[in-house]
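Worksheet for the structure shown next.
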Amino acid sequence: MVDIQFVRENADLVQRKTKEKGYAVDVSKLLEVDVERRAQLTVTEELRARRNALTAEMKGARPTEEQIERGKQLKDEIVQKEATLSELEETYTQLLWQIPNITFDDVPLGGEEDSVEIKRVGDQPTGATDHLDFALARDWVDFERGAKVAGQKFYYLKGDLALLENAITQFALDFVIKKGFSFMTVPHMVNSRTAVGTGFAPRSSDQSDEYAIEGEDLSLIATAEMSLTGYHADEIIDEAKLPLLYAGLSPCYRKEAGAAGKHTRGLFRVHQFNKLEMYAFCLPEQSRQLHEMILNVEEELWQALGVPYHVVNIAAGDLGAPAAKKYDIEYWSPVDAKYRELTSCSNCTDFQARNLNIRVRRTDGTIEILHTLNGTAVSLARALVAIIEHYQTEGGTLEVPTVLRPYMSNKSQI
RNA sequence: GGAGGGAUCGCCUAGUGGUCUAUGGCGCCGCCUUGGAAAGGCGGUUUGCGGGCAACUGCAUCGAGGGUUCGAAUCCCUCUCCCUCCGCCA
């Protein structure tokens, strides 16, 4: 959620930014409820103060009938006021949680088409075999049996392709560790507080892209970002320890509801894939720079893998609620002759951190909400698509990118 | 999955209905003392939301939520997590 203090002081700005992101939220209604709620809170607190005073008065001696009678009356009033208060709180919270994170001013306005290319690296070759046809011909992937065993969009990776996935993972892992990220494996399920707090599940309603475990307060993670964000929930971290850089490896589970019509062939959009995610907890004043740093790591990594790409500054209307700004790296697809999403890198500022109560204690003792960022190092299924499209040879084999060879028994071809 | 025991302000800890506006110790901060330090003494030290220029002050917070009561850290219920034992098991 956003900072209510900020909303109070910048109502017009918040309303505008919210609209730009495509959210229909009545900010003035929220502020109205906020005022009511605070007034009710004051009244309730005064009554509680009177109750406390009465209790103090009764200390030591046996309470008189008159005192108990006064206490009973106070209690009734308090119960009444508290009921009204909690109703107001609920309305208030509901409205507040509808407001998405405030975008930075360098985020382009508009929808998906309005995202801005800010950089292009590599050339734009065309004419390659589709990754699925290529992989099927080598018996590297089996969607039919995936469907038999689990359902549509589940798959087996086999043989050298499975080994290649492993090699990419190892390479990327070594790469980000050198960049200062601490590796960790993470829970593959999270509770609803974490799912909601990270912005992946709505606060009330089961409309979610996550797979929920029936009868449990658990969902399969859609990304390690969820587990990584929750890692420091309810903690106050000393300023000197920031930024904290983590890299989490996990499978990602997505229902991909509503993905019909989008590019869905083969491994590009599936229900389950592995991903190595970079994550940062940092001081508010560090997050802009760290965002660029994480993007830079992504770029270096994909340059090392030799895949042409461009970087896109995602437009406001295409941003998720938690992000203040997001860069996507899209690789050039020689099959489709266009750029396709490969990685993503978001600055969520204090939005997720406020939800999950993650704070920093400054050296002067003050406490504030810290900032969080996340960025894909490699999303393995898509990485395989990109590499198959770019490294196929005329002989029908796949050249192994140079940097991956040490992780592939030094093979140059598979 | 079963049985039992736990969860208190950074850490340890006292606390079975009003003297808890939560004890004591450790750590930390400030002051006194000192040539300087240590020891010692005095004071302070959870977090959140309010009021006040400030000194200061109100409410909440003893794992979470609900209940009983004039009054709950304390009693009751539900849940979460931790420990021990049993069962199961990579």
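Numbering starts fresh at 1 for the residues of each chain in the structure tokens, the chains themselves are lettered A, B, ... in the order given, and ligands are numbered from 1 as they appear.
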
Write out as a CSV table (one decimal) with N, CA and C atoms (P, O5', C5', C4', C3', O3' and C1' of nucleotides), in the first residue's frame which residues come within 9 Å of stretch 44-51 of chain A when counting only C-alpha atoms (C1' of nucleotides), dropping same-chain ones fewer than 3 positions away.
chain,number,residue,atom,x,y,z
A,39,ALA,N,-11.4,10.6,13.4
A,39,ALA,CA,-12.3,11.3,14.4
A,39,ALA,C,-12.8,10.2,15.3
A,40,GLN,N,-13.2,9.1,14.7
A,40,GLN,CA,-13.8,8.0,15.5
A,40,GLN,C,-12.7,7.4,16.5
A,41,LEU,N,-11.5,7.4,16.0
A,41,LEU,CA,-10.4,6.9,16.7
A,41,LEU,C,-10.2,7.8,18.0
A,54,LEU,N,-10.4,5.2,35.5
A,54,LEU,CA,-11.3,4.5,36.5
A,54,LEU,C,-10.7,3.3,37.1
A,55,THR,N,-10.0,2.5,36.3
A,55,THR,CA,-9.4,1.3,36.8
A,55,THR,C,-8.3,1.7,37.8
A,56,ALA,N,-7.6,2.8,37.5
A,56,ALA,CA,-6.5,3.3,38.4
A,56,ALA,C,-7.1,3.7,39.7
A,71,GLY,N,-18.2,1.8,35.3
A,71,GLY,CA,-17.3,1.0,34.5
A,71,GLY,C,-18.2,0.3,33.4
A,74,LEU,N,-19.2,2.7,30.8
A,74,LEU,CA,-18.1,3.0,29.9
A,74,LEU,C,-17.8,1.9,28.9
A,75,LYS,N,-17.9,0.7,29.4
A,75,LYS,CA,-17.7,-0.5,28.6
A,75,LYS,C,-18.6,-0.5,27.5
A,77,GLU,N,-20.2,1.9,26.1
A,77,GLU,CA,-19.9,2.9,25.1
A,77,GLU,C,-18.7,2.6,24.2
A,78,ILE,N,-17.7,2.0,24.9
A,78,ILE,CA,-16.5,1.7,24.2
A,78,ILE,C,-16.8,0.6,23.2
A,81,LYS,N,-18.4,2.2,20.2
A,81,LYS,CA,-17.5,3.1,19.4
A,81,LYS,C,-16.5,2.2,18.6
A,82,GLU,N,-16.1,1.1,19.3
A,82,GLU,CA,-15.1,0.3,18.6
A,82,GLU,C,-15.7,-0.4,17.4
A,85,LEU,N,-15.7,2.0,14.7
A,85,LEU,CA,-14.4,2.2,14.3
A,85,LEU,C,-13.9,1.1,13.4
B,58,G,P,-0.4,10.4,29.8
B,58,G,O5',-1.5,10.2,28.6
B,58,G,C5',-2.8,10.7,28.8
B,58,G,C4',-3.6,10.4,27.5
B,58,G,C3',-3.6,8.9,27.2
B,58,G,O3',-4.6,8.2,27.9
B,58,G,C1',-3.2,10.2,25.2
B,59,C,P,-4.3,6.7,28.2
B,59,C,O5',-4.6,6.0,26.8
B,59,C,C5',-5.9,6.0,26.2
B,59,C,C4',-5.8,5.4,24.8
B,59,C,C3',-5.2,4.0,24.8
B,59,C,O3',-6.1,3.0,25.2
B,59,C,C1',-4.3,5.3,23.0
B,70,C,P,-18.9,-6.7,34.5
B,70,C,O5',-17.9,-5.5,34.5
B,70,C,C5',-18.4,-4.2,33.9
B,70,C,C4',-17.3,-3.2,34.2
B,70,C,C3',-15.9,-3.6,33.9
B,70,C,O3',-15.6,-3.3,32.6
B,70,C,C1',-16.0,-2.7,36.1
B,71,G,P,-14.7,-4.4,31.8
B,71,G,O5',-13.3,-4.3,32.5
B,71,G,C5',-12.5,-3.2,32.3
B,71,G,C4',-11.3,-3.3,33.2
B,71,G,C3',-10.4,-4.6,32.9
B,71,G,O3',-9.6,-4.4,31.8
B,71,G,C1',-10.7,-4.3,35.2

Using only C-alpha atoms (C1' of nucleotides), select each residue of chain B with any atom at most 12 Å away from an atom of chain A, and give the selection as a list in words.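 That gives G10, G18, U19, C20, U21, C29, U45, U46, U47, G48, C49, G50, G51, G58, C59, A60, U69, C70, G71, C79 and U80 of chain B for chain B.
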
Once you have the residues from the selection above, write them out as a short mmCIF file (atom, residue, chain, number, x, y, z; two decimals), in the first residue's frame, restricted to N, CA and C atoms (P, O5', C5', C4', C3', O3' and C1' of nucleotides).
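As a result, out_9.cif now contains:
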data_model
loop_
_atom_site.label_atom_id
_atom_site.label_comp_id
_atom_site.auth_asym_id
_atom_site.auth_seq_id
_atom_site.Cartn_x
_atom_site.Cartn_y
_atom_site.Cartn_z
P G B 10 12.87 -6.17 22.04
"O5'" G B 10 14.10 -5.61 21.21
"C5'" G B 10 14.49 -6.20 19.96
"C4'" G B 10 15.91 -6.69 20.02
"C3'" G B 10 16.13 -7.84 20.99
"O3'" G B 10 15.87 -9.09 20.38
"C1'" G B 10 17.75 -6.15 21.37
P G B 18 -4.28 -9.11 40.47
"O5'" G B 18 -4.57 -7.55 40.32
"C5'" G B 18 -4.36 -6.93 39.08
"C4'" G B 18 -4.77 -5.47 39.16
"C3'" G B 18 -4.19 -4.73 40.35
"O3'" G B 18 -3.80 -3.44 39.91
"C1'" G B 18 -6.55 -4.58 40.37
P U B 19 -2.42 -3.22 39.28
"O5'" U B 19 -1.43 -3.02 40.50
"C5'" U B 19 -0.83 -1.75 40.67
"C4'" U B 19 0.03 -1.78 41.87
"C3'" U B 19 1.17 -2.79 41.80
"O3'" U B 19 2.24 -2.21 41.11
"C1'" U B 19 0.23 -2.64 43.97
P C B 20 3.38 -2.84 40.47
"O5'" C B 20 3.16 -2.72 38.93
"C5'" C B 20 2.27 -1.76 38.35
"C4'" C B 20 1.91 -2.21 36.96
"C3'" C B 20 0.47 -2.69 36.80
"O3'" C B 20 -0.04 -2.24 35.56
"C1'" C B 20 1.96 -4.37 36.09
P U B 21 -0.72 -0.92 35.41
"O5'" U B 21 0.35 -0.32 34.40
"C5'" U B 21 -0.02 0.23 33.16
"C4'" U B 21 0.82 1.43 32.91
"C3'" U B 21 2.31 1.23 33.25
"O3'" U B 21 3.00 0.58 32.19
"C1'" U B 21 1.55 3.28 34.13
P C B 29 27.11 2.85 23.79
"O5'" C B 29 26.00 3.98 24.05
"C5'" C B 29 25.31 4.58 22.96
"C4'" C B 29 24.27 5.55 23.48
"C3'" C B 29 24.79 6.56 24.49
"O3'" C B 29 25.46 7.64 23.87
"C1'" C B 29 22.77 5.64 25.28
P U B 45 12.63 5.25 28.83
"O5'" U B 45 13.48 4.39 27.81
"C5'" U B 45 13.81 4.90 26.51
"C4'" U B 45 14.69 3.90 25.80
"C3'" U B 45 14.12 2.51 25.69
"O3'" U B 45 13.25 2.41 24.57
"C1'" U B 45 16.40 2.39 26.35
P U B 46 11.76 1.92 24.83
"O5'" U B 46 11.54 1.05 23.52
"C5'" U B 46 12.48 0.08 23.14
"C4'" U B 46 11.82 -0.93 22.24
"C3'" U B 46 11.03 -0.30 21.09
"O3'" U B 46 11.89 -0.06 19.99
"C1'" U B 46 9.69 -1.90 22.19
P U B 47 11.80 1.33 19.22
"O5'" U B 47 10.45 1.16 18.38
"C5'" U B 47 10.41 0.23 17.32
"C4'" U B 47 8.98 -0.16 17.02
"C3'" U B 47 8.06 0.97 16.62
"O3'" U B 47 8.23 1.37 15.27
"C1'" U B 47 6.96 -0.42 18.18
P G B 48 7.84 2.88 14.88
"O5'" G B 48 6.26 2.81 14.83
"C5'" G B 48 5.61 1.95 13.89
"C4'" G B 48 4.13 1.95 14.13
"C3'" G B 48 3.48 3.32 14.16
"O3'" G B 48 3.26 3.83 12.87
"C1'" G B 48 2.69 2.03 15.96
P C B 49 3.20 5.40 12.64
"O5'" C B 49 1.77 5.79 13.24
"C5'" C B 49 0.59 5.23 12.68
"C4'" C B 49 -0.60 5.66 13.50
"C3'" C B 49 -0.68 7.16 13.77
"O3'" C B 49 -1.21 7.85 12.65
"C1'" C B 49 -1.09 5.98 15.77
P G B 50 -0.94 9.42 12.54
"O5'" G B 50 -1.89 9.98 13.67
"C5'" G B 50 -1.45 11.05 14.48
"C4'" G B 50 -2.46 11.28 15.55
"C3'" G B 50 -2.30 12.60 16.27
"O3'" G B 50 -2.94 13.63 15.56
"C1'" G B 50 -2.43 10.86 17.86
P G B 51 -2.21 15.02 15.36
"O5'" G B 51 -2.25 15.64 16.82
"C5'" G B 51 -3.50 15.91 17.43
"C4'" G B 51 -3.30 16.45 18.81
"C3'" G B 51 -2.24 17.54 18.93
"O3'" G B 51 -2.73 18.81 18.54
"C1'" G B 51 -1.95 15.97 20.67
P G B 58 -0.43 10.42 29.78
"O5'" G B 58 -1.49 10.22 28.60
"C5'" G B 58 -2.82 10.73 28.76
"C4'" G B 58 -3.63 10.40 27.54
"C3'" G B 58 -3.64 8.92 27.16
"O3'" G B 58 -4.57 8.18 27.91
"C1'" G B 58 -3.21 10.21 25.23
P C B 59 -4.32 6.66 28.22
"O5'" C B 59 -4.57 6.00 26.79
"C5'" C B 59 -5.86 6.01 26.21
"C4'" C B 59 -5.81 5.39 24.84
"C3'" C B 59 -5.17 4.01 24.77
"O3'" C B 59 -6.06 2.99 25.19
"C1'" C B 59 -4.30 5.34 23.04
P A B 60 -5.45 1.71 25.94
"O5'" A B 60 -4.79 0.92 24.72
"C5'" A B 60 -5.61 0.43 23.67
"C4'" A B 60 -4.75 0.00 22.51
"C3'" A B 60 -3.75 -1.10 22.80
"O3'" A B 60 -4.34 -2.37 22.81
"C1'" A B 60 -2.71 0.60 21.54
P U B 69 -19.29 -10.91 31.12
"O5'" U B 69 -18.24 -10.21 32.09
"C5'" U B 69 -18.04 -10.71 33.40
"C4'" U B 69 -16.93 -9.95 34.06
"C3'" U B 69 -17.03 -8.43 33.98
"O3'" U B 69 -17.96 -7.92 34.93
"C1'" U B 69 -14.81 -9.11 33.51
P C B 70 -18.91 -6.73 34.50
"O5'" C B 70 -17.92 -5.47 34.45
"C5'" C B 70 -18.36 -4.23 33.92
"C4'" C B 70 -17.33 -3.18 34.25
"C3'" C B 70 -15.90 -3.58 33.92
"O3'" C B 70 -15.59 -3.32 32.56
"C1'" C B 70 -15.99 -2.71 36.11
P G B 71 -14.75 -4.39 31.75
"O5'" G B 71 -13.34 -4.34 32.49
"C5'" G B 71 -12.51 -3.20 32.34
"C4'" G B 71 -11.28 -3.34 33.19
"C3'" G B 71 -10.45 -4.59 32.92
"O3'" G B 71 -9.61 -4.41 31.80
"C1'" G B 71 -10.71 -4.30 35.24
P C B 79 -7.74 -24.86 16.41
"O5'" C B 79 -6.78 -23.77 15.73
"C5'" C B 79 -7.10 -23.25 14.44
"C4'" C B 79 -6.23 -22.06 14.14
"C3'" C B 79 -4.74 -22.32 14.12
"O3'" C B 79 -4.32 -22.89 12.90
"C1'" C B 79 -5.16 -20.34 15.35
P U B 80 -2.97 -23.76 12.87
"O5'" U B 80 -1.83 -22.66 13.00
"C5'" U B 80 -1.62 -21.72 11.94
"C4'" U B 80 -0.50 -20.78 12.32
"C3'" U B 80 0.80 -21.46 12.72
"O3'" U B 80 1.56 -21.83 11.59
"C1'" U B 80 0.27 -19.78 14.29
#

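As for atom CA of A:Arg145 and atom CA of A:His131, they are spaced 18.2 Å apart.
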
Selection: 12 Å around A:Gln272, only C-alpha atoms (C1' of nucleotides), excl. self and same-chain fewer than 5 positions, as a short mmCIF file (atom, residue, chain, number, x, y, z; two decimals) with all heavy atoms, in the first residue's frame:
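around_10.cif was written with the following content:
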data_model
loop_
_atom_site.label_atom_id
_atom_site.label_comp_id
_atom_site.auth_asym_id
_atom_site.auth_seq_id
_atom_site.Cartn_x
_atom_site.Cartn_y
_atom_site.Cartn_z
N GLY A 146 3.58 -34.23 -20.65
CA GLY A 146 3.33 -33.22 -19.62
C GLY A 146 1.83 -33.05 -19.41
O GLY A 146 1.34 -32.98 -18.28
N ALA A 150 0.10 -33.88 -15.97
CA ALA A 150 -0.33 -32.71 -15.19
C ALA A 150 -1.44 -31.93 -15.87
O ALA A 150 -2.46 -31.64 -15.27
CB ALA A 150 0.87 -31.80 -14.93
N GLY A 151 -1.27 -31.61 -17.13
CA GLY A 151 -2.28 -30.83 -17.84
C GLY A 151 -1.60 -30.02 -18.93
O GLY A 151 -0.38 -30.09 -19.09
N GLN A 152 -2.41 -29.27 -19.66
CA GLN A 152 -1.84 -28.50 -20.77
C GLN A 152 -0.84 -27.48 -20.23
O GLN A 152 -0.97 -26.96 -19.13
CB GLN A 152 -2.96 -27.79 -21.54
CG GLN A 152 -3.74 -26.80 -20.71
CD GLN A 152 -3.92 -25.46 -21.40
OE1 GLN A 152 -3.13 -25.08 -22.25
NE2 GLN A 152 -4.95 -24.74 -21.04
N LYS A 153 0.20 -27.23 -21.02
CA LYS A 153 1.25 -26.27 -20.67
C LYS A 153 2.19 -26.76 -19.58
O LYS A 153 2.89 -25.98 -18.95
CB LYS A 153 0.67 -24.91 -20.28
CG LYS A 153 -0.12 -24.28 -21.40
CD LYS A 153 -0.20 -22.79 -21.27
CE LYS A 153 -0.19 -22.13 -22.62
NZ LYS A 153 1.01 -22.46 -23.40
N PHE A 154 2.15 -28.06 -19.32
CA PHE A 154 3.19 -28.67 -18.50
C PHE A 154 4.05 -29.51 -19.43
O PHE A 154 3.57 -29.98 -20.46
CB PHE A 154 2.58 -29.53 -17.40
CG PHE A 154 1.96 -28.72 -16.29
CD1 PHE A 154 0.59 -28.46 -16.29
CD2 PHE A 154 2.74 -28.20 -15.26
CE1 PHE A 154 0.02 -27.70 -15.28
CE2 PHE A 154 2.16 -27.45 -14.25
CZ PHE A 154 0.81 -27.19 -14.26
N TYR A 155 5.29 -29.69 -19.07
CA TYR A 155 6.22 -30.28 -20.03
C TYR A 155 7.38 -30.97 -19.32
O TYR A 155 7.64 -30.73 -18.15
CB TYR A 155 6.79 -29.17 -20.92
CG TYR A 155 7.45 -28.07 -20.12
CD1 TYR A 155 8.83 -28.06 -19.91
CD2 TYR A 155 6.69 -27.06 -19.52
CE1 TYR A 155 9.42 -27.09 -19.13
CE2 TYR A 155 7.27 -26.08 -18.74
CZ TYR A 155 8.64 -26.09 -18.54
OH TYR A 155 9.22 -25.14 -17.77
N TYR A 156 8.04 -31.82 -20.06
CA TYR A 156 9.29 -32.41 -19.62
C TYR A 156 10.40 -31.82 -20.47
O TYR A 156 10.23 -31.73 -21.70
CB TYR A 156 9.28 -33.93 -19.82
CG TYR A 156 8.34 -34.69 -18.90
CD1 TYR A 156 6.98 -34.77 -19.20
CD2 TYR A 156 8.81 -35.32 -17.76
CE1 TYR A 156 6.12 -35.47 -18.37
CE2 TYR A 156 7.96 -36.03 -16.92
CZ TYR A 156 6.60 -36.10 -17.23
OH TYR A 156 5.76 -36.80 -16.41
N LEU A 157 11.50 -31.43 -19.87
CA LEU A 157 12.70 -31.11 -20.64
C LEU A 157 13.58 -32.35 -20.58
O LEU A 157 13.70 -32.98 -19.53
CB LEU A 157 13.45 -29.93 -20.03
CG LEU A 157 12.81 -28.55 -20.14
CD1 LEU A 157 13.76 -27.51 -19.58
CD2 LEU A 157 12.43 -28.21 -21.57
N HIS A 188 8.73 -22.62 -1.74
CA HIS A 188 8.00 -22.57 -3.00
C HIS A 188 6.52 -22.29 -2.80
O HIS A 188 5.76 -22.19 -3.75
CB HIS A 188 8.18 -23.89 -3.77
CG HIS A 188 9.61 -24.13 -4.17
ND1 HIS A 188 10.01 -25.28 -4.80
CD2 HIS A 188 10.71 -23.36 -4.03
CE1 HIS A 188 11.32 -25.21 -5.03
NE2 HIS A 188 11.77 -24.07 -4.56
N GLU A 210 -2.28 -17.20 -8.85
CA GLU A 210 -1.50 -18.20 -8.13
C GLU A 210 -2.32 -19.49 -7.96
O GLU A 210 -3.53 -19.48 -7.86
CB GLU A 210 -1.12 -17.69 -6.74
CG GLU A 210 0.12 -16.84 -6.74
CD GLU A 210 -0.06 -15.60 -7.58
OE1 GLU A 210 -0.88 -14.76 -7.19
OE2 GLU A 210 0.58 -15.51 -8.64
N TYR A 211 -1.60 -20.58 -7.86
CA TYR A 211 -2.21 -21.84 -7.52
C TYR A 211 -2.32 -21.91 -6.00
O TYR A 211 -1.31 -21.86 -5.30
CB TYR A 211 -1.36 -23.01 -8.01
CG TYR A 211 -1.37 -23.20 -9.51
CD1 TYR A 211 -0.33 -22.75 -10.29
CD2 TYR A 211 -2.44 -23.86 -10.13
CE1 TYR A 211 -0.33 -22.94 -11.66
CE2 TYR A 211 -2.44 -24.05 -11.50
CZ TYR A 211 -1.39 -23.59 -12.26
OH TYR A 211 -1.39 -23.79 -13.62
N LEU A 220 1.26 -21.59 -4.29
CA LEU A 220 2.54 -21.80 -4.96
C LEU A 220 3.04 -20.45 -5.43
O LEU A 220 2.25 -19.62 -5.90
CB LEU A 220 2.35 -22.74 -6.16
CG LEU A 220 2.03 -24.19 -5.80
CD1 LEU A 220 1.58 -24.95 -7.04
CD2 LEU A 220 3.24 -24.86 -5.18
N ILE A 221 4.31 -20.21 -5.31
CA ILE A 221 4.84 -18.91 -5.70
C ILE A 221 4.84 -18.74 -7.22
O ILE A 221 5.05 -19.68 -7.97
CB ILE A 221 6.28 -18.69 -5.18
CG1 ILE A 221 7.22 -19.81 -5.61
CG2 ILE A 221 6.26 -18.55 -3.66
CD1 ILE A 221 8.67 -19.54 -5.26
N ALA A 222 4.58 -17.50 -7.64
CA ALA A 222 4.64 -17.17 -9.06
C ALA A 222 6.05 -16.72 -9.41
O ALA A 222 6.41 -16.63 -10.58
CB ALA A 222 3.66 -16.06 -9.39
N THR A 223 6.84 -16.45 -8.39
CA THR A 223 8.22 -16.02 -8.54
C THR A 223 8.87 -16.04 -7.17
O THR A 223 8.19 -15.87 -6.16
CB THR A 223 8.33 -14.60 -9.13
OG1 THR A 223 9.61 -14.06 -8.79
CG2 THR A 223 7.26 -13.69 -8.57
N SER A 250 14.13 -20.60 -7.91
CA SER A 250 12.93 -21.37 -7.60
C SER A 250 12.15 -21.67 -8.86
O SER A 250 12.31 -20.99 -9.88
CB SER A 250 12.02 -20.58 -6.65
OG SER A 250 11.28 -19.63 -7.40
N PRO A 251 11.28 -22.66 -8.78
CA PRO A 251 10.29 -22.80 -9.83
C PRO A 251 9.24 -21.71 -9.66
O PRO A 251 9.06 -21.19 -8.56
CB PRO A 251 9.67 -24.18 -9.58
CG PRO A 251 10.08 -24.59 -8.21
CD PRO A 251 11.15 -23.66 -7.73
N CYS A 252 8.58 -21.36 -10.74
CA CYS A 252 7.52 -20.36 -10.71
C CYS A 252 6.26 -21.01 -11.27
O CYS A 252 6.33 -21.65 -12.32
CB CYS A 252 7.89 -19.17 -11.57
SG CYS A 252 9.45 -18.42 -11.08
N TYR A 253 5.18 -20.84 -10.55
CA TYR A 253 3.93 -21.48 -10.95
C TYR A 253 2.91 -20.42 -11.32
O TYR A 253 2.62 -19.54 -10.51
CB TYR A 253 3.40 -22.35 -9.82
CG TYR A 253 4.37 -23.41 -9.37
CD1 TYR A 253 5.23 -23.17 -8.30
CD2 TYR A 253 4.44 -24.63 -10.02
CE1 TYR A 253 6.13 -24.15 -7.88
CE2 TYR A 253 5.33 -25.61 -9.61
CZ TYR A 253 6.18 -25.36 -8.54
OH TYR A 253 7.06 -26.31 -8.14
N ARG A 254 2.39 -20.51 -12.51
CA ARG A 254 1.41 -19.50 -12.92
C ARG A 254 0.25 -20.14 -13.68
O ARG A 254 0.46 -20.94 -14.59
CB ARG A 254 2.09 -18.45 -13.82
CG ARG A 254 3.19 -17.76 -13.06
CD ARG A 254 3.83 -16.65 -13.84
NE ARG A 254 4.93 -16.11 -13.04
CZ ARG A 254 5.68 -15.08 -13.39
NH1 ARG A 254 5.44 -14.45 -14.53
NH2 ARG A 254 6.64 -14.65 -12.60
N LYS A 255 -0.94 -19.72 -13.29
CA LYS A 255 -2.12 -20.24 -13.99
C LYS A 255 -2.20 -19.68 -15.39
O LYS A 255 -2.76 -20.31 -16.28
CB LYS A 255 -3.39 -19.86 -13.21
CG LYS A 255 -3.60 -20.64 -11.95
CD LYS A 255 -4.97 -20.28 -11.37
CE LYS A 255 -5.24 -21.02 -10.08
NZ LYS A 255 -6.49 -20.53 -9.45
N GLU A 256 -1.66 -18.47 -15.56
CA GLU A 256 -1.73 -17.80 -16.86
C GLU A 256 -3.17 -17.69 -17.33
O GLU A 256 -3.46 -17.84 -18.51
CB GLU A 256 -0.88 -18.53 -17.91
CG GLU A 256 0.60 -18.54 -17.60
CD GLU A 256 1.26 -17.15 -17.68
OE1 GLU A 256 0.56 -16.17 -17.99
OE2 GLU A 256 2.47 -17.06 -17.41
N LEU A 267 7.54 -23.26 -25.11
CA LEU A 267 8.02 -22.95 -23.77
C LEU A 267 7.86 -21.48 -23.39
O LEU A 267 8.24 -21.08 -22.29
CB LEU A 267 9.52 -23.31 -23.68
CG LEU A 267 9.85 -24.81 -23.71
CD1 LEU A 267 11.35 -25.00 -23.91
CD2 LEU A 267 9.40 -25.46 -22.42
N SER A 379 15.09 -16.34 -16.61
CA SER A 379 13.88 -17.12 -16.57
C SER A 379 14.15 -18.26 -17.54
O SER A 379 14.29 -18.05 -18.74
CB SER A 379 12.72 -16.25 -17.03
OG SER A 379 11.56 -17.00 -17.08
N LEU A 380 14.29 -19.46 -16.99
CA LEU A 380 14.92 -20.53 -17.77
C LEU A 380 14.18 -20.95 -19.02
O LEU A 380 14.78 -21.16 -20.07
CB LEU A 380 15.19 -21.75 -16.86
CG LEU A 380 16.51 -21.72 -16.07
CD1 LEU A 380 17.69 -21.50 -17.01
CD2 LEU A 380 16.52 -20.64 -15.00
N ALA A 381 12.86 -21.07 -18.95
CA ALA A 381 12.12 -21.52 -20.12
C ALA A 381 12.34 -20.53 -21.27
O ALA A 381 12.61 -20.91 -22.40
CB ALA A 381 10.65 -21.66 -19.79
N ARG A 382 12.24 -19.25 -20.96
CA ARG A 382 12.42 -18.24 -22.00
C ARG A 382 13.86 -18.16 -22.46
O ARG A 382 14.14 -17.89 -23.63
CB ARG A 382 11.93 -16.89 -21.51
CG ARG A 382 10.42 -16.88 -21.48
CD ARG A 382 9.82 -15.53 -21.39
NE ARG A 382 8.37 -15.72 -21.37
CZ ARG A 382 7.51 -14.78 -21.07
NH1 ARG A 382 7.93 -13.57 -20.77
NH2 ARG A 382 6.22 -15.04 -21.09
#
